[in-house]
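Okay, so here's the structure we're looking at.
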Amino acid sequence: MSYQVTIEPTGEVIEVEEGQTILAAALRQGVWLPFACGHGTCATCKCTLLDGYVEHGDASPFALMDMEREEGKLLACCATPESDLVIEADIDVDPDFAGYLVEDYQAEVAAIEPLSPTIVEVRLKLDRSMQFQAGQYVNIALPKVDGSRAFSIANPPSIDDEVTLHVRLVPGGAATSYIHNELKVGDSVDLSGPYGQFFVRTSDDKDTLFIAGGSGLSSPESMILDMLENGSTKQIYLFQGARNVAELYHREKFEALEQEHDNFHYIPALNEPAADDNWQGFTGFVHEAAESHFEGKFAGHKAYLCGPPLMIDAAITSLMRGRLFEDDIHMEKFLTAADGSSEITRSALFKRI
Amino acid sequence: MSAKKLNLKDKYRLLTRDLDWDFSYEDRKDAFPFEEFEGIKITDWDKWEDPFRLTMDAYWKYQAEKEKKLYAIYDAFSQNNGHLNVSDARYVNAIKIFLTAVSPGELAAHSGFAFTGRQMGGIGARIAAQMQSIDELRHIQTQIHAMSHYNKFFDGFDEFSHMHDRVWYISVVKSFFDDARSAGPFEFMVAIGFSFEYVLTNLLFVPFMSGAAYNGDMATVTFGFSAQSDEARHMTLGLEIIKFLLEQHEDNVPIVQKWIDKWLWRGYRILTVVAMMMDYMLPQKVMSWKEAWELYFEQAGGALFKDLERYGIKMPDYTDLIKAEKEHLSHQAWWTFYTNSQATAFHTWIPSDEELDWLSEKYPESFDKYYRPRWELAKEMAEKGERYYNEGLPQLCQTCQIPMIYTDVQNDPRDIVYRSTKYQGERFHFCSDQCQHIFENEPEKYVHAWLPVHQIFQGNCGGPGGLEKVMDYYKLDVGKANMDYVGSPDEERWKNWKGVA
């Protein structure tokens with residue numbers, strides 16, 4: 001049994017298990033809410049209840065006073081839902097967020113093509129068009145797989161009647177195994193979307209760099225295609241990380257784009273090139289490629305990161321040491337079954353990263 | 001089309017917009033004379049993110065409601081003779097320390113935040129600091145009121161404010177806040193707002209408040225909860241200031257690092273008294289100091305410093321020393337107070353056999369080897385009527401003002417650490433390398449420190465004529481408020497109330 005909690009003003013939706021606090025569920029699902037003590041005494045996580053019923057749990061009567069309970073306040077670190085909820089938290093809506101409605105779609109598998117030894121491209125034809133922002137993702141329900149799985153959309157929003165996904169085979173991952181081994185052209189799947197706060201901040205005029213690792217190329221591919229189609233004049237840098245040449249997919253595509261557009265720069269990085277790769281490009285991790293290209297100085301840019309948690313973590317460190325901070329770093333972390341669900345002790349220093 | 005719904009941030013900005021002055025005919029620099037002298041570079045105050053969004057109107061409404069609730073509980077506590085419900089009268093000595101040593105710190109913080117609330121150039125930062133300043137004033141007031149009930153029944157509370165400027169161990173806390181308040185606005189914010197209120201606060205308040213809860217002290221628990229509901233703002237302000245300074249200019253990074261190094265050390269030294277309170281003074285124990293340090297600093301602080309590393313800030317290199325000291329800290333402190341309790345405003349005692357066993361279990365590396373034998377000896381001597389008091393006055397560290405009680409825990413824990421340096425022909429003494437470095441970095445700030453022991457020897461504490469004069473100067477009731485708990489008027493009254501002979 002779980003409840004859906006919609007968090008305004010961003011409209012993000014999280015699933016909260018019976019007895020789980022709103023804060024615990026939000027942080028686990030990558031939705032940041034303000035918090036500090038985590039046990040109902042400091043009131044940093046105070047939210048307004050707009051619709052539904054909650055149990056206030058161990059909220060201290062000083063941190064959440066009676067009059068506040070009557071006014072519909074709650075502490076996210078203690079409150080557990082007793083129905084589906086809509087709450088308003090003290091978080092900011094990004095002015096560039098379009099807020100396209102999340103809807104359910106039926107899709108048919110139009111094509112499945114290998115991109116690399118571990119990644120396939122899946123093209124899904126939608127039953128109708130879907131408005132989304134480049135960088136957002138869809139949730140897909142698959143037969144024989146409990147729950148739904150999130151996959152970023154790799155095609156630009158100008159192609160609105162299909163979604164293209166890049167799916168890496170995760171050892172032990174039920175959904176990715178199903179997609180790689182059992183899914184066939186013509187199969188029908190249910191999906192919903194678009195979701196996520198990962199999109200290009202078009203109101204910002206700074207030059208833009210993308211750091212992508214593995215199948216995390218999907219969102220940046222959509223975002224870059226979208227920017228170029230719309231005639232963006234910003235300098236756009238794509239750093240693509242892969243193990244070796246075989247894993248470095250869509251290289252020709254981006255090399256061609258680089259030829260066509262003076263403002264697009266493509267920098268692939270391989271961390272373990274094979275002996276017969278004859279690799280002439282950057283050898284090392286993708287964040288090191290970015291450091292080397294910008295000589296460790298990133299101030300004045302916008303950065304978008306997409307890929308596995310370790311890559312994101314290393315890239316954030318490089319960017320911050322190069323004096324690019326939270327406001328200008330946006331990311332989509334690809335968490336998989338292999339990353340487990342272990343609680344990571346984190347400080348309250350950063351909101352989104 | 002309906003207007004787009006404003007989020008809280010925009011609402012707050014609209015409500016507070018234009019609260020700042022424009023400087024049309026005066027130089028802005030004259031209005032904020034301290035903004036540059038610390039070397040901090042602020043390039044754009046607009047990058048300041050309000051750490052909380054509270055209008056003055058809402059602030060007063062909330063605070064008034066908290067006060068009503070708090071004082072209703074105080075009244076009930078008082079009418080029900082709440083002091084009779086504490087675990088044991090020995091416990092009350094922990095809150096005597098709180099009132100004499102911690103509460104005046106709230107007042108000092110009040111004045112410090114009022115200063116930064118005037119001197120920082122950004123309006124958002126000023127308002128946040130002003131609200132915290134008012135909170136701190138509320139905290140000392142509610143603490144005094146909470147303790148006032150105990151003052152009717154126990155010795156040692158009544159002269160806390162007189163003692164604050166005079167008594168030897170209380171000068172430790174006083175000098176800490178004086179050091180912070182006499183710094184510039186940004187150092188104060190890093191010292192108190194960040195290092196103390198954010199990084200170390202859980203090690204000060206949680207032990208006292210859980211200690212109160214475990215020992216039946218409803219009044220203290222309640223003001224603890226009431227104060228903690230303000231701490232949200234204090235903690236987020238502490239975090240925002242550190243992020244803001246580090247992101248504004250890279251030249252700020254080494255300055256902030258130096259301040260963090262200094263203030264975490266100074267704050268940690270103060271926590272010595274908390275360590276002792278947790279391990280020795282609570283009849284019902286919450287956890288050991290060592291466990292608290294591991295939980296609140298090594299784990300939580302570790303995660304914080306991992307994040308700060310991205311700004312180029314490093315965990316101070318002395319944390320290994322603190323890790324080693326956690327086995328020794330509380331034992332050295334309680335021994336010091338036990339052997340000098342003819343000059344304290346609270347009682348001391350020899351741990352019971354049960355308590356000694358608890359300490360042996362919690363401190364397997366150090367207690368049986370270095371400290372238990374001392375207590376066994378003290379017990380033997382006391383039983384023979386030879387209760388040991390230290391007749392001399394201790395040497396104090398020039399920086400932290402704590403007696404030189406710390407030992408060389410990383411080499412031989414039996415050796416006292418003595419450090420000294422010469423400045424302008426005069427020799428100054430320190431309890432540690434860290435305190436020496438703090439001195440050497442700003443010697444002029446510490447050469448004239450009011451060191452209680454020096455002042456006694458100079459005849460400035462009641463004039464020449466021995467310890468008795470000093471006790472009068474402290475307004476300390478010798479034999480009543482101090483020395484052994486066993487045989488004290490506090491114990492006698494407690495036994496009467498409880499009907500034990």
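Simple scheme: letters A, B, ... for chains in structure tokens order, numbers from 1 for residues in each chain, numbers from 1 for ligands in the order shown.
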
What residues in range 154-218 of chain A get the DSSP label strand (DSSP E or B)? Please answer as a VMD selection string. chain A and resid 162 to 168 188 to 195 207 to 213

Considering only C-alpha atoms, tabulate each residue of chain A that lies at most 9 Å from chain B along with its nearest interatomic pair and the corresponding distance in Å to one decimal; arrange the rows by chain and ascending residue number and present them as a tab-separated table.
residue	atom	partner	partner_atom	distance
A:Glu8	CA	B:Asn7	CA	8.9
A:Pro9	CA	B:Asn7	CA	6.6
A:Phe35	CA	B:Ala232	CA	8.5
A:Ala36	CA	B:Ala232	CA	6.9
A:Cys37	CA	B:Ala232	CA	8.0
A:Gly40	CA	B:Ser229	CA	8.9
A:Thr41	CA	B:Ser229	CA	5.7
A:Cys42	CA	B:Ser229	CA	4.4
A:Ala43	CA	B:Ser229	CA	6.0
A:Thr44	CA	B:Ala232	CA	5.2
A:Cys45	CA	B:Ala232	CA	8.9
A:Ser60	CA	B:Phe225	CA	7.2
A:Pro61	CA	B:Phe225	CA	8.3
A:Phe62	CA	B:Ser226	CA	5.4
A:Ala63	CA	B:Ser229	CA	4.8
A:Leu64	CA	B:Ser229	CA	8.5
A:Met65	CA	B:Lys66	CA	7.7
A:Met67	CA	B:Glu65	CA	8.6
A:Ala89	CA	B:Leu8	CA	8.4
A:Asp90	CA	B:Leu8	CA	6.0
A:Ile91	CA	B:Leu8	CA	7.5
A:Asp92	CA	B:Asn7	CA	6.6
A:Val93	CA	B:Asn7	CA	7.3
A:Ile316	CA	B:Arg310	CA	7.9
A:Thr317	CA	B:Arg310	CA	5.2
A:Ser318	CA	B:Arg310	CA	7.9
A:Leu319	CA	B:Arg310	CA	8.5
A:Met320	CA	B:Arg310	CA	5.6
A:Arg321	CA	B:Arg310	CA	5.8
A:Gly322	CA	B:Tyr311	CA	8.9
A:Arg323	CA	B:Glu247	CA	7.3
A:Leu324	CA	B:Glu247	CA	8.5
A:Phe325	CA	B:Glu247	CA	7.2
A:Thr345	CA	B:Ala303	CA	6.2
A:Arg346	CA	B:Ala303	CA	5.4
A:Ser347	CA	B:Leu304	CA	4.9
A:Ala348	CA	B:Leu304	CA	7.6
A:Leu349	CA	B:Leu239	CA	6.2
A:Phe350	CA	B:Asp307	CA	7.9

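When only C-alpha atoms are used to compute distances to Glu383 in chain B, the closest of the residues B:Ser366, B:Ile350, B:Lys262, B:Met404 turns out to be B:Ile350.
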
List the neighbours of Cys397 in chain B out to 6 Å using only C-alpha atoms; skip same-chain residues closer than 3 positions along the sequence, and give me the result as a PyMOL selection string. chain B and resi 400-402+429-431

Can you list, as a PyMOL selection string, every residue of range 75-321 of chain A that DSSP puts in helix (DSSP H, G or I)? chain A and resi 174-181+214-229+245-247+251-260+275-277+286-293+309-321

Please provide as a list of chain:residue names all residues within 12 Å of Ser232 in chain A, with the sequence filter that same-chain residues fewer than 2 positions apart are discarded (counting only C-alpha atoms). A:Val200, A:Arg201, A:Thr202, A:Ser203, A:Asp204, A:Asp205, A:Lys206, A:Asp207, A:Thr208, A:Met223, A:Ile224, A:Leu225, A:Asp226, A:Met227, A:Leu228, A:Glu229, A:Asn230, A:Lys234, A:Gln235, A:Ile236, A:His261, A:Asp262, A:Asn263, A:Phe264

Please write the residues from the selection above to a file, keeping C-alpha atoms, as a PDB file, in the first residue's frame.
ATOM      1  CA  VAL A 200      17.855  23.148 -20.653  1.00  0.00           C
ATOM      2  CA  ARG A 201      17.530  26.495 -18.892  1.00  0.00           C
ATOM      3  CA  THR A 202      16.740  28.493 -21.995  1.00  0.00           C
ATOM      4  CA  SER A 203      16.410  31.792 -20.123  1.00  0.00           C
ATOM      5  CA  ASP A 204      20.069  31.497 -19.173  1.00  0.00           C
ATOM      6  CA  ASP A 205      22.562  32.781 -21.741  1.00  0.00           C
ATOM      7  CA  LYS A 206      25.741  31.152 -20.507  1.00  0.00           C
ATOM      8  CA  ASP A 207      27.725  28.712 -22.630  1.00  0.00           C
ATOM      9  CA  THR A 208      26.717  25.175 -21.921  1.00  0.00           C
ATOM     10  CA  MET A 223      18.847  18.500 -25.343  1.00  0.00           C
ATOM     11  CA  ILE A 224      21.650  19.227 -27.818  1.00  0.00           C
ATOM     12  CA  LEU A 225      19.525  18.333 -30.844  1.00  0.00           C
ATOM     13  CA  ASP A 226      16.785  20.567 -29.483  1.00  0.00           C
ATOM     14  CA  MET A 227      19.159  23.484 -28.899  1.00  0.00           C
ATOM     15  CA  LEU A 228      20.701  23.214 -32.347  1.00  0.00           C
ATOM     16  CA  GLU A 229      17.308  22.851 -34.063  1.00  0.00           C
ATOM     17  CA  ASN A 230      16.191  26.032 -32.309  1.00  0.00           C
ATOM     18  CA  LYS A 234      25.583  29.433 -27.152  1.00  0.00           C
ATOM     19  CA  GLN A 235      28.818  27.483 -27.256  1.00  0.00           C
ATOM     20  CA  ILE A 236      27.798  23.890 -26.573  1.00  0.00           C
ATOM     21  CA  HIS A 261      27.674  23.782 -36.307  1.00  0.00           C
ATOM     22  CA  ASP A 262      30.501  26.111 -35.350  1.00  0.00           C
ATOM     23  CA  ASN A 263      29.164  26.417 -31.803  1.00  0.00           C
ATOM     24  CA  PHE A 264      29.024  22.677 -31.072  1.00  0.00           C
TER      25      PHE A 264
END

All residues 8 Å or closer to Val199 in chain B, only C-alpha atoms, same chain fewer than 4 positions away omitted, as a VMD selection string: chain B and resid 194 to 195 297 301

Skip range 136-139 of chain A itself and residues of its chain fewer than 4 positions away, then list as a list in words all residues within 9 Å of it, counting only C-alpha atoms. Phe132, Ser148, Arg149, Ala150, Phe151, Ser152, Ile153, Ala154, Val163, Asp190, Leu191, Ser192, Gly193, Pro194, Tyr195, Gly196, Gln197, Phe198, Phe199 and Ser219 of chain A

Next, dump the selected residues to file, keeping only C-alpha atoms, as a compact mmCIF listing (two decimals), in the first residue's frame.
# COMPACT_ATOMS: atom_id res chain seq x y z
CA PHE A 132 7.92 17.15 -23.24
CA SER A 148 7.70 0.97 -13.39
CA ARG A 149 11.16 2.02 -14.55
CA ALA A 150 12.41 5.44 -15.56
CA PHE A 151 14.18 6.00 -18.89
CA SER A 152 15.30 9.31 -20.34
CA ILE A 153 14.02 10.35 -23.75
CA ALA A 154 16.81 10.56 -26.34
CA VAL A 163 10.19 8.15 -27.68
CA ASP A 190 2.35 1.23 -21.13
CA LEU A 191 4.21 4.35 -20.22
CA SER A 192 3.61 7.68 -18.51
CA GLY A 193 5.37 10.99 -18.71
CA PRO A 194 6.98 13.39 -19.07
CA TYR A 195 8.75 13.59 -15.71
CA GLY A 196 11.76 15.33 -14.24
CA GLN A 197 13.48 18.61 -13.61
CA PHE A 198 16.34 17.96 -16.03
CA PHE A 199 15.97 20.32 -18.99
CA SER A 219 19.09 13.16 -22.32

Long-range neighbours of Leu217 in chain A as a ChimeraX atom specification, 9 Å cut-off, only C-alpha atoms, 2 positions minimum in chain: /A:154,166,211-215,219-222,240-241,249,306-307

Residue selection dump (C-alpha atoms) as a PDB file, in the first residue's frame:
ATOM      1  CA  ALA A 154      16.813  10.559 -26.339  1.00  0.00           C
ATOM      2  CA  HIS A 166      19.042   4.101 -24.645  1.00  0.00           C
ATOM      3  CA  ILE A 211      28.923  15.610 -19.360  1.00  0.00           C
ATOM      4  CA  ALA A 212      27.472  12.213 -20.226  1.00  0.00           C
ATOM      5  CA  GLY A 213      28.492   8.710 -19.221  1.00  0.00           C
ATOM      6  CA  GLY A 214      27.308   5.390 -20.702  1.00  0.00           C
ATOM      7  CA  SER A 215      23.638   5.381 -21.650  1.00  0.00           C
ATOM      8  CA  SER A 219      19.092  13.160 -22.322  1.00  0.00           C
ATOM      9  CA  PRO A 220      22.033  15.280 -23.524  1.00  0.00           C
ATOM     10  CA  GLU A 221      21.450  13.996 -27.053  1.00  0.00           C
ATOM     11  CA  SER A 222      17.851  15.178 -26.934  1.00  0.00           C
ATOM     12  CA  GLN A 240      30.960  11.795 -23.689  1.00  0.00           C
ATOM     13  CA  GLY A 241      32.508   9.117 -21.497  1.00  0.00           C
ATOM     14  CA  TYR A 249      28.047   5.077 -29.522  1.00  0.00           C
ATOM     15  CA  CYS A 306      23.762  12.683 -16.957  1.00  0.00           C
ATOM     16  CA  GLY A 307      24.955   9.182 -16.117  1.00  0.00           C
TER      17      GLY A 307
END

Have a look at B:Met281, B:Ala212, B:Ile313, B:Val167 and name the one nearest to Ala345 in chain B; count only C-alpha atoms.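 For Ala345 in chain B, the nearest of the candidates is B:Val167.
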
Grab the CA of His347 in chain B to CA of Asp472 in chain B distance for me, in Å with one decimal place.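 Here the two named atoms are 17.7 Å from each other.
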
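Shortest atom-to-atom contact with Glu492 in chain B among B:Asn215, B:Lys480, B:Lys174, B:Trp375: B:Lys480, counting only C-alpha atoms.
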
B:Thr220, B:Thr100, B:Ser111, B:Ser210 ranked by distance to His83 in chain B, top pick (using only C-alpha atoms):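 Of B:Thr220, B:Thr100, B:Ser111, B:Ser210, the one nearest His83 in chain B is B:Thr220, counting only C-alpha atoms.
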